[in-house]
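input20.txt (compact mmCIF, C-alpha atoms) appears below.
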# COMPACT_ATOMS: atom_id res chain seq x y z
CA MET A 1251 0.00 0.00 0.00
CA LYS A 1252 1.43 3.29 -1.02
CA ALA A 1253 1.73 6.20 1.47
CA PRO A 1254 -0.48 9.21 0.68
CA PRO A 1255 1.37 11.99 -1.09
CA ARG A 1256 2.74 14.75 1.11
CA LYS A 1257 1.28 18.20 0.81
CA VAL A 1258 3.96 20.69 -0.05
CA THR A 1259 3.43 24.38 0.68
CA ILE A 1260 5.51 26.69 -1.42
CA ILE A 1261 6.18 30.15 -0.08
CA SER A 1262 7.71 32.37 -2.66
CA ILE A 1263 10.46 34.86 -1.92
CA PHE A 1264 8.01 37.49 -3.07
CA SER A 1265 5.48 36.40 -0.42
CA LEU A 1266 8.16 36.47 2.29
CA GLY A 1267 9.09 39.95 1.23
CA LEU A 1268 5.49 41.10 1.53
CA LEU A 1269 5.24 39.50 4.99
CA ALA A 1270 8.42 41.18 6.20
CA SER A 1271 7.25 44.47 4.81
CA TRP A 1272 3.89 44.10 6.57
CA ILE A 1273 5.56 43.26 9.92
CA THR A 1274 8.11 46.07 9.83
CA SER A 1275 5.66 48.70 8.65
CA GLY A 1276 3.59 48.15 11.79
CA THR A 1277 6.50 48.13 14.24
CA LEU A 1278 9.06 50.62 12.96
CA HIS A 1279 8.87 54.37 12.73
CA GLY A 1280 11.10 57.04 11.32
CA LEU A 1281 12.28 59.06 14.31
CA ASP A 1282 14.10 57.01 16.93
CA TRP A 1283 14.38 59.02 20.18
CA GLU A 1284 17.19 58.50 22.68
CA LYS A 1285 14.74 59.50 25.44
CA THR A 1286 11.15 60.69 25.48
CA GLU A 1287 11.23 61.67 29.18
CA VAL A 1288 13.83 63.92 30.82
CA VAL A 1289 14.15 65.08 34.43
CA ALA A 1290 15.45 68.66 34.65
CA SER A 1291 16.22 70.79 37.69
CA ALA A 1292 16.97 74.39 38.55
CA GLU A 1293 19.01 75.64 41.47
CA SER A 1294 18.03 78.60 43.58
CA GLY A 1295 18.01 81.77 41.49
CA ALA A 1296 19.23 79.86 38.42
CA SER A 1297 18.03 80.19 34.86
CA SER A 1298 15.17 78.16 33.44
CA PRO A 1299 15.45 74.35 33.52
CA VAL A 1300 16.36 72.99 30.07
CA ALA A 1301 15.89 69.49 28.63
CA GLU A 1302 17.29 68.18 25.34
CA PHE A 1303 15.66 65.42 23.30
CA SER A 1304 17.82 63.81 20.57
CA PHE A 1305 16.55 61.65 17.73
CA THR A 1306 17.72 59.90 14.55
CA ASN A 1307 15.77 59.29 11.37
CA THR A 1308 16.21 55.51 11.13
CA SER A 1309 13.86 55.09 8.17
CA LYS A 1310 14.75 55.00 4.48
CA SER A 1311 12.65 58.07 3.76
CA THR A 1312 12.92 61.77 4.54
CA VAL A 1313 10.90 62.73 7.62
CA THR A 1314 9.45 66.22 8.09
CA VAL A 1315 8.33 67.60 11.45
CA THR A 1316 5.05 69.36 10.69
CA ASP A 1317 4.19 70.68 14.16
CA VAL A 1318 5.67 71.10 17.65
CA LYS A 1319 3.10 71.95 20.33
CA GLU A 1320 3.87 72.80 23.97
CA SER A 1321 1.38 71.93 26.72
CA CYS A 1322 1.80 75.30 28.46
CA ASP A 1323 2.69 78.91 27.66
CA CYS A 1324 5.52 78.61 30.19
CA THR A 1325 7.23 76.03 27.95
CA THR A 1326 9.27 76.72 24.81
CA ALA A 1327 10.43 73.99 22.39
CA LEU A 1328 13.16 74.82 19.86
CA LEU A 1329 13.76 72.62 16.80
CA GLU A 1330 16.83 73.41 14.69
CA LYS A 1331 15.11 72.46 11.40
CA LYS A 1332 12.05 70.56 10.15
CA THR A 1333 13.25 68.02 7.53
CA TYR A 1334 15.66 65.11 8.19
CA ALA A 1335 17.19 62.75 5.66
CA PRO A 1336 17.62 59.01 6.40
CA GLY A 1337 20.28 58.55 9.08
CA GLU A 1338 20.29 62.23 10.04
CA ARG A 1339 20.22 63.28 13.70
CA GLY A 1340 18.28 66.14 15.25
CA HIS A 1341 17.54 67.78 18.59
CA ILE A 1342 14.63 69.51 20.31
CA VAL A 1343 15.51 71.75 23.25
CA VAL A 1344 12.70 72.36 25.75
CA GLU A 1345 12.88 75.23 28.22
CA ILE A 1346 10.51 75.94 31.12
CA ASP A 1347 10.02 79.46 32.45
CA PRO A 1348 10.06 78.97 36.26
CA LYS A 1349 8.40 82.30 37.06
CA GLY A 1350 5.48 81.67 39.40
CA LEU A 1351 6.28 77.93 39.61
CA SER A 1352 7.76 75.81 42.38
CA GLY A 1353 8.01 72.17 43.40
CA ALA A 1354 7.41 69.28 40.97
CA VAL A 1355 6.33 70.47 37.50
CA VAL A 1356 5.49 68.24 34.51
CA ARG A 1357 5.22 69.62 30.98
CA THR A 1358 4.85 67.88 27.61
CA VAL A 1359 5.70 68.66 24.00
CA THR A 1360 3.84 66.91 21.17
CA VAL A 1361 5.81 66.42 17.94
CA THR A 1362 3.88 65.69 14.74
CA THR A 1363 5.57 64.38 11.57
CA ASN A 1364 4.56 63.37 8.04
CA GLU A 1365 5.17 59.66 8.72
CA LYS A 1366 2.35 57.38 7.59
CA ASP A 1367 2.56 54.74 10.32
CA HIS A 1368 3.76 56.72 13.33
CA ASP A 1369 3.35 60.47 13.04
CA LEU A 1370 2.97 61.54 16.71
CA TYR A 1371 5.52 61.66 19.55
CA VAL A 1372 5.00 62.98 23.10
CA LEU A 1373 8.05 64.29 24.97
CA THR A 1374 7.82 64.77 28.74
CA VAL A 1375 9.86 67.10 30.95
CA LYS A 1376 9.74 66.61 34.72
CA ALA A 1377 11.26 69.64 36.43
CA ALA A 1378 12.17 69.90 40.10
CA LEU A 1379 11.89 73.62 40.81
CA PRO A 1380 12.96 75.07 44.15
CA GLU A 1381 10.24 76.04 46.60
CA ALA A 1382 9.57 79.76 46.73
CA LEU A 1383 10.67 80.00 50.38
CA THR A 1384 12.97 77.88 52.53
CA LEU A 1385 12.50 78.12 56.32
CA THR A 1386 15.39 77.11 58.61
CA PRO A 1387 14.30 75.61 60.91
CA ASP A 1388 10.80 74.94 59.59
CA ALA A 1389 9.12 75.63 63.00
CA LEU A 1390 9.89 76.89 66.51
CA HIS A 1391 9.24 75.04 69.77
CA TRP A 1392 9.48 75.80 73.49
CA ALA A 1393 9.05 73.29 76.28
CA VAL A 1394 6.38 74.05 78.86
CA ALA A 1395 7.90 75.93 81.84
CA SER A 1396 11.16 76.59 79.94
CA PRO A 1397 12.58 80.14 79.66
CA ALA A 1398 10.49 82.29 77.29
CA SER A 1399 13.55 83.24 75.27
CA PRO A 1400 13.47 84.49 71.68
CA GLN A 1401 14.02 82.05 68.83
CA SER A 1402 14.62 82.80 65.15
CA ILE A 1403 13.88 81.34 61.74
CA GLU A 1404 15.84 82.32 58.65
CA VAL A 1405 13.79 82.70 55.48
CA LYS A 1406 15.49 82.20 52.12
CA VAL A 1407 13.77 83.36 48.94
CA ASN A 1408 14.39 80.99 46.02
CA LEU A 1409 12.46 82.73 43.25
CA PRO A 1410 14.70 83.95 40.37
CA ASP A 1411 13.69 87.61 40.81
CA GLY A 1412 13.46 87.44 44.58
CA VAL A 1413 10.57 88.75 46.65
CA GLU A 1414 10.23 91.31 49.43
CA ILE A 1415 8.86 90.13 52.77
CA THR A 1416 7.05 93.19 54.02
CA ARG A 1417 5.52 92.00 57.31
CA ALA A 1418 5.37 89.05 59.69
CA LEU A 1419 2.05 88.95 61.55
CA SER A 1420 1.10 86.62 64.45
CA ASN A 1421 -2.45 85.43 65.08
CA ARG A 1422 -1.78 85.80 68.83
CA ASP A 1423 -0.88 88.99 70.66
CA ASP A 1424 1.10 87.08 73.32
CA PHE A 1425 3.78 86.09 70.77
CA LYS A 1426 6.12 88.95 69.88
CA VAL A 1427 7.33 88.90 66.25
CA GLU A 1428 10.26 90.83 64.77
CA LEU A 1429 11.25 90.85 61.08
CA ALA A 1430 14.81 91.68 59.97
CA THR A 1431 16.13 91.98 56.40
CA LEU A 1432 19.49 90.23 55.95
CA GLU A 1433 19.63 90.61 52.15
CA ALA A 1434 16.93 92.51 50.29
CA ARG A 1435 14.53 90.19 48.43
CA ARG A 1436 16.68 87.16 49.29
CA ARG A 1437 17.19 86.50 53.03
CA TYR A 1438 15.22 87.45 56.12
CA ARG A 1439 15.15 86.59 59.81
CA VAL A 1440 11.96 86.26 61.85
CA THR A 1441 12.41 86.30 65.64
CA ILE A 1442 9.53 85.13 67.83
CA THR A 1443 9.24 85.43 71.62
CA PRO A 1444 6.32 83.98 73.62
CA ALA A 1445 5.06 86.06 76.54
CA SER A 1446 4.86 82.90 78.66
CA THR A 1447 5.59 79.18 78.45
CA ALA A 1448 3.45 78.27 81.46
CA SER A 1449 1.01 76.22 79.35
CA PRO A 1450 0.83 74.67 75.86
CA GLN A 1451 -0.11 77.11 73.11
CA MET A 1452 0.61 77.75 69.45
CA ALA A 1453 0.91 80.80 67.23
CA VAL A 1454 0.80 81.02 63.43
CA VAL A 1455 2.88 83.79 61.86
CA LEU A 1456 1.92 84.94 58.37
CA LEU A 1457 4.64 86.24 56.02
CA GLN A 1458 3.32 88.99 53.78
CA THR A 1459 5.23 89.46 50.51
CA SER A 1460 5.42 91.80 47.56
CA PRO A 1461 4.63 90.56 45.00
CA THR A 1462 2.43 87.75 46.27
CA LEU A 1463 3.82 84.23 46.22
CA PRO A 1464 2.71 81.52 43.73
CA ALA A 1465 -0.45 79.67 44.68
CA GLY A 1466 0.19 76.78 47.05
CA THR A 1467 3.39 78.24 48.51
CA THR A 1468 3.81 77.78 52.26
CA HIS A 1469 4.32 81.20 53.86
CA PHE A 1470 3.42 80.49 57.47
CA ILE A 1471 5.68 80.01 60.49
CA TYR A 1472 4.47 77.85 63.38
CA ALA A 1473 5.59 78.68 66.94
CA GLN A 1474 4.50 76.26 69.64
CA VAL A 1475 4.85 75.82 73.39
CA ARG A 1476 4.43 72.11 74.17
So, in terms of structure tokens, how does the structure I just supplied come out?
Amino acid sequence: MKAPPRKVTIISIFSLGLLASWITSGTLHGLDWEKTEVVASAESGASSPVAEFSFTNTSKSTVTVTDVKESCDCTTALLEKKTYAPGERGHIVVEIDPKGLSGAVVRTVTVTTNEKDHDLYVLTVKAALPEALTLTPDALHWAVASPASPQSIEVKVNLPDGVEITRALSNRDDFKVELATLEARRRYRVTITPASTASPQMAVVLLQTSPTLPAGTTHFIYAQVR
């Protein structure tokens, strides 16, 4: 008895080429970015935080950047040119204006190209901006029945243009508050003296500034007898 004939499937080189083309067209894109997320920081009084995003056109076709859109008016994205030949490198420099900002800030830049299969890229900048004010120490404490001696907090202004602390006001009359300017718009000293430490109590001292501080900035000093 003869064995049944084997079925032979013939895949042409042409068919393999079409398959490879179909696979790569769905997985590859023209601009290959070294990073799409960058953490930037700015020191006290320093210039704006800057992040650089580098890319290479890894496709076999010329790629044109058709649009670069920032997520906020405080962000500026600079692209050296729009069209990149195969194998050519490029850079986008993103700068954040820190005025009125402090703490953790996240901004994005959306890059649109003329690519057919992947024409949109989102770049993210995470900036660690200094707080508007630094208090050293961050609060004052007296032990109950201890001497009612004066204690001081130094206030450092971290905003690029500085800020003037005009007054330091306590919510309690039995805590004496004195404000001294160590360096105009940059460094101040607030000295607080309780009238008595006979029992637990707490005062909140408000720092008034000109101009006003960014929303969410802590500008209170806590003085507590405990």
Judged by only C-alpha atoms, the minimum distance to Gly1340 in chain A among A:Asn1307, A:Asn1408, A:Thr1416, A:Gln1458 is found for A:Asn1307
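Of the listed residues A:Arg1436, A:Arg1357, A:His1341, A:Lys1349, the one whose atoms come nearest to Thr1326 in chain A is A:Arg1357, with distances taken using all atoms listed in the file.
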- Item | d(CA of Phe1425 in chain A, CA of Glu1381 in chain A) in Å |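 Between CA of Phe1425 in chain A and CA of Glu1381 in chain A the gap is 27.0 Å.
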Just to confirm, what's the straight-line distance from CA of Ile1342 in chain A to CA of Ala1354 in chain A in Å (one decimal)?
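Atom-to-atom, CA of Ile1342 in chain A and CA of Ala1354 in chain A are spaced 21.9 Å apart.
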Between A:Val1361, A:Leu1429, A:Ala1445, A:Val1413, which is the closest to Leu1463 in chain A once you count only C-alpha atoms?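 Ranked by minimum distance to Leu1463 in chain A, first place goes to A:Val1413.
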Check your understanding: Leaving out Thr1360 in chain A and any residue of its chain fewer than 3 positions from it, which residues lie within 6 Å of it when counting only C-alpha atoms, given as an NGL selection string?
Key -> :A and (1318-1319 or 1371-1372)
- Task: Select, from A:His1279, A:Arg1439, A:Arg1422, A:Arg1339, the residue with the minimum atom-to-atom distance to Thr1306 in chain A, counting all atoms listed in the file.
- Result: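 Ranking A:His1279, A:Arg1439, A:Arg1422, A:Arg1339 by distance to Thr1306 in chain A, first place goes to A:Arg1339.
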If you count all atoms listed in the file, which residues fall within 9 Å of Pro1397 in chain A, apart from same-chain ones fewer than 3 positions away, as a compact mmCIF listing (two decimals) with C-alpha atoms, in the coordinates of the input?
# COMPACT_ATOMS: atom_id res chain seq x y z
CA TRP A 1392 9.48 75.80 73.49
CA ALA A 1393 9.05 73.29 76.28
CA VAL A 1394 6.38 74.05 78.86
CA SER A 1446 4.86 82.90 78.66
CA THR A 1447 5.59 79.18 78.45
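Using all atoms listed in the file, the shortest contact distance between Thr1286 in chain A and any of A:Arg1476, A:Thr1333, A:Val1375, A:Thr1362 is found at A:Val1375.
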task: Might you pull out every residue within 8 Å of Pro1336 in chain A, with only C-alpha atoms counted and same-chain residues fewer than 5 positions away left off, and present them as an NGL selection string?
output: :A and (1307-1313)
Do a neighbour search on Arg1437 in chain A at 12 Å with only C-alpha atoms, toss out local chain neighbours closer than 5 positions, and write the hits as an MDAnalysis selection string. chainID A and resid 1382:1386 1403:1409 1412:1415 1429:1432
Give me a file of those residues, with C-alpha atoms, as a PDB file, in the frame of the given file.
ATOM      1  CA  ALA A1382       9.570  79.760  46.730  1.00  0.00           C
ATOM      2  CA  LEU A1383      10.670  80.000  50.380  1.00  0.00           C
ATOM      3  CA  THR A1384      12.970  77.880  52.530  1.00  0.00           C
ATOM      4  CA  LEU A1385      12.500  78.120  56.320  1.00  0.00           C
ATOM      5  CA  THR A1386      15.390  77.110  58.610  1.00  0.00           C
ATOM      6  CA  ILE A1403      13.880  81.340  61.740  1.00  0.00           C
ATOM      7  CA  GLU A1404      15.840  82.320  58.650  1.00  0.00           C
ATOM      8  CA  VAL A1405      13.790  82.700  55.480  1.00  0.00           C
ATOM      9  CA  LYS A1406      15.490  82.200  52.120  1.00  0.00           C
ATOM     10  CA  VAL A1407      13.770  83.360  48.940  1.00  0.00           C
ATOM     11  CA  ASN A1408      14.390  80.990  46.020  1.00  0.00           C
ATOM     12  CA  LEU A1409      12.460  82.730  43.250  1.00  0.00           C
ATOM     13  CA  GLY A1412      13.460  87.440  44.580  1.00  0.00           C
ATOM     14  CA  VAL A1413      10.570  88.750  46.650  1.00  0.00           C
ATOM     15  CA  GLU A1414      10.230  91.310  49.430  1.00  0.00           C
ATOM     16  CA  ILE A1415       8.860  90.130  52.770  1.00  0.00           C
ATOM     17  CA  LEU A1429      11.250  90.850  61.080  1.00  0.00           C
ATOM     18  CA  ALA A1430      14.810  91.680  59.970  1.00  0.00           C
ATOM     19  CA  THR A1431      16.130  91.980  56.400  1.00  0.00           C
ATOM     20  CA  LEU A1432      19.490  90.230  55.950  1.00  0.00           C
TER      21      LEU A1432
END
